[in-house]
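Take a look at the structure below.
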Amino acid sequence: MNFENDTIVALATPAGVGAISIIRVSGSDSISTVDKIFEGKHKLSNHPTHTIHYGKIYNENKELIDDVLVSIFKKPNSYTGDESVEISTHGSSLITQKIIQTLLKQNIRLAEPGEFTKRAFLNGRIDLAQAEAVADLINSRTEASFRGARNQLDGLLTEKVEGLRNKLVTVSSLIELELDFAEENLEFVSKNEVIKLIDEIILEIDQLLETYKFGKILRDGVNVAIVGKPNVGKSSLLNYVLKESRAIVSHIPGTTRDVIREEVSIDGILFRLFDTAGIRSSYDEIEKEGISRSQEAVKNADIVIFLNDATESFSADLYNQLVQLTSKDRILIVLNKVDLNPGEYFKGDMKVSAKTGIGISDLFNLMKDKAIGLNNYTEKSAIISSIRHYDALQKALEQLRNAKRSVENKMSGEFISTDLRSAEDFLGEIIGIVSSDEILNNIFSKFCIGK
Ligand SMILES: Nc1nc2c(ncn2[C@@H]2O[C@H](COP(=O)(O)OP(=O)(O)OP(=O)(O)O)[C@@H](O)[C@H]2O)c(=O)[nH]1
Ligand SMILES: [Mg+2]
């Protein structure tokens, strides 16, 4: 995807039937192009920016397509920073297709995925971390993911990364100043002072890296596999949580053969629940396949609910199988059917009943604790949620550690300054001060067309 300053068009609302649909046009010829197919009281080009106009749109054969409202935005006060037009039509994909087809005959082209937002970035309207937050915001489905994206779009991460870069710039300028006066043997700053400054930055980056697990969960949700022997009540638990009879429940062991996936939001966090086939040794081909899918679900889960029947003995053998598939700290041992046998139990993190609901809210709390830990980031904390940011911070950290080692080993200032500069660049990648076509294509190709 190359950035050119040509005029682009795309449908900005979902394709299909609705009250209205919006077609977005952006680029230097937006207003004059729409003027060619629009008939209103006056030419659009005669109006000031940020005004809305009623009129009719005709195709090239002068046939009426629709009556519309057109909003105009003059450079640089638009989403993209370029001159832009938004056409609100009756909400029909036939109408929007016809209008877009007509516009395409006017020497403008269809926008690529994310191209409007990419232009906003290239025009300096938003930085790269904010552009990524736009995609997250659109995709967010829970309160927590919405908050996380909103916080990044508001620039909290940008502010944090800029602060870190400024500190780095201070250190590297001190070292470079010293390099300039190397022959005079002047020392502007003590080695200890430099190490102290680098350590401070390392600590801050470390703290930011630690937010990743939390941020990723806010953004992507948590995968929870419900596993256990047949008949322990896995499907009943899923149904109870969903408050609907989603999976078949029966007293016959081996009821569930396939993995059933459903999503639920608990306190704003998205949990993706996987009800699985009960694990036992079986000769039935279908059941065997189901069991191997259960094992796969365990491997992919952030949390494994290992469900046991409280009226039966604890399945130590199955527990041992599970720890071969995932780490112990992901497994929550849960005893089900405590309504049948409310006695003392020898083992189990949790005691629940999928029938009466006993203990389910405690189970939710435990799942939440497992997922986000005891982290208590506030709305004002900068949080990272993208692997791209995580990698860039890791790389910056590596360079800083090299720099620190060089200072300790009294290496030449040139070494130190090169490492510090490259740490600066890695931080710059997060907000897009430093970026390559590859990084940009990667980010914007994940957007939808029209954004
Ligand atoms: N009393 C009581 N019965 C339960 C409870 N949970 C499940 N059951 C019963 O246990 C039986 C098995 O429940 P399922 O939910 O089908 O068990 P499952 O683990 O999904 O079984 P498979 O799919 O065969 O592996 C059913 O008869 C349920 O009604 C519970 O908390 N209390
Ligand atoms: Mg089942």
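Note on naming: chains are A, B, ... as they come in the structure tokens, residues start from 1 per chain, ligands start from 1 in the order shown.
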Secondary structure check, alpha helix (DSSP H) residues of region 151-201 of chain A, as a ChimeraX atom specification: /A:151-153,156-180,191-201
Env. residues ligand 2 / 12 Å / only C-alpha atoms and all ligand atoms / as a ChimeraX atom specification: /A:226-239,245-260,274-279,287,290-291,294,307
Selected residue of minimal separation from ligand 1 among A:Leu122, A:Met411, A:Ile433, A:Ala354, counting only C-alpha atoms and all ligand atoms: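 Answer, going by the shortest atom-to-atom distance: A:Ala354.
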Between CA of Leu11 (chain A) and CA of Leu110 (chain A) - distance in Å to one decimal: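 Atom-to-atom, CA of Leu110 (chain A) and CA of Leu11 (chain A) are spaced 9.3 Å apart.
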Residue set, region 23-69 of chain A restricted to strand (DSSP E or B), as a PyMOL selection string: chain A and resi 23-26+38-40+51-58+64-69
Top pick for closest residue to ligand 1, considering A:Arg141, A:Arg109, A:Arg280, A:Arg405 and counting only C-alpha atoms and all ligand atoms: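 Looking at the shortest contact to ligand 1, the residue is A:Arg280.
Proximity of A:Ser32, A:Ser21, A:Thr170, A:Asn320 to His90 (chain A), computed with only C-alpha atoms, is greatest for A:Ser21.
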Residue neighbourhood Ile20 (chain A), 10 Å, only C-alpha atoms, exclusion window fewer than 5 positions, as a list in words: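 My reading of the contact set: Thr13, Val68, Ile87, Ser88, Thr89, His90, Gly91, Ser92 and Thr96 of chain A.
Shortest separation to Ser435 (chain A) among A:Ser71, A:Glu63, A:Leu128, A:Leu366 occurs at residue A:Leu128, atoms counted being only C-alpha atoms.
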Ile31 (chain A) environment, 12 Å, only C-alpha atoms, sequence neighbours closer than 3 positions dropped, as a PyMOL selection string: chain A and resi 7-9+24-28+34-38+43-49+70-75+82-87+103+106+108
Okay, now the selection with C-alpha atoms, as a short mmCIF file (atom, residue, chain, number, x, y, z; two decimals), in the first residue's frame?
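out31.cif was written with the following content:
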```
data_model
loop_
_atom_site.label_atom_id
_atom_site.label_comp_id
_atom_site.auth_asym_id
_atom_site.auth_seq_id
_atom_site.Cartn_x
_atom_site.Cartn_y
_atom_site.Cartn_z
CA THR A 7 -8.55 10.93 -3.68
CA ILE A 8 -10.03 7.77 -2.22
CA VAL A 9 -13.55 6.55 -1.51
CA ARG A 24 -16.36 8.60 2.89
CA VAL A 25 -14.23 10.46 0.34
CA SER A 26 -10.82 11.92 1.17
CA GLY A 27 -8.03 13.59 -0.78
CA SER A 28 -7.40 16.91 -2.46
CA VAL A 34 -18.57 14.98 -5.31
CA ASP A 35 -19.75 18.28 -6.78
CA LYS A 36 -19.79 16.62 -10.22
CA ILE A 37 -22.50 14.16 -9.22
CA PHE A 38 -24.31 16.24 -6.58
CA LYS A 43 -21.98 24.04 -5.28
CA LEU A 44 -20.33 22.29 -2.34
CA SER A 45 -17.08 24.08 -3.09
CA ASN A 46 -18.75 27.39 -2.25
CA HIS A 47 -19.49 26.35 1.33
CA PRO A 48 -17.25 26.70 4.37
CA THR A 49 -15.74 23.69 6.13
CA VAL A 70 -23.22 15.79 2.42
CA SER A 71 -20.77 16.97 5.08
CA ILE A 72 -17.65 18.76 3.98
CA PHE A 73 -14.33 19.04 5.80
CA LYS A 74 -11.59 21.24 4.47
CA LYS A 75 -7.91 20.55 4.99
CA ASP A 82 -6.91 16.00 3.99
CA GLU A 83 -9.97 17.56 2.41
CA SER A 84 -12.84 15.11 2.98
CA VAL A 85 -16.52 14.57 2.26
CA GLU A 86 -19.02 12.30 3.93
CA ILE A 87 -22.18 11.38 2.06
CA LEU A 103 -17.66 8.29 -8.01
CA GLN A 106 -14.49 10.42 -11.67
CA ILE A 108 -10.72 8.60 -7.84
#
```
Shell around Glu204 (chain A) at 9 Å using only C-alpha atoms, local window under 5 positions removed, as a PyMOL selection string: chain A and resi 164+199+209
Let me see the file: selected residues, N, CA and C atoms, as a compact mmCIF listing (two decimals), in the first residue's frame.
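File produced: selection21.txt:
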```
# COMPACT_ATOMS: atom_id res chain seq x y z
N LEU A 164 9.86 8.60 28.13
CA LEU A 164 11.04 7.71 28.18
C LEU A 164 12.06 8.14 27.13
N ASP A 199 19.50 3.22 34.55
CA ASP A 199 18.73 2.32 35.42
C ASP A 199 17.29 2.78 35.60
N LEU A 209 6.47 -3.16 30.49
CA LEU A 209 6.39 -4.53 29.96
C LEU A 209 5.49 -5.40 30.82
```
Residues within 12 Å of region 129-131 of chain A, only C-alpha atoms, excluding chain neighbours under 3 positions, as a PyMOL selection string: chain A and resi 79-80+114-126+134-138+148-162+382-386+388-389+427-433+435+439-440+443-444+446-447+451
Selection: 10 Å around Ile416 (chain A), only C-alpha atoms, excl. self and same-chain fewer than 4 positions, as a PyMOL selection string: chain A and resi 171-172+175-176+399-400+402-407+410-412+420-421
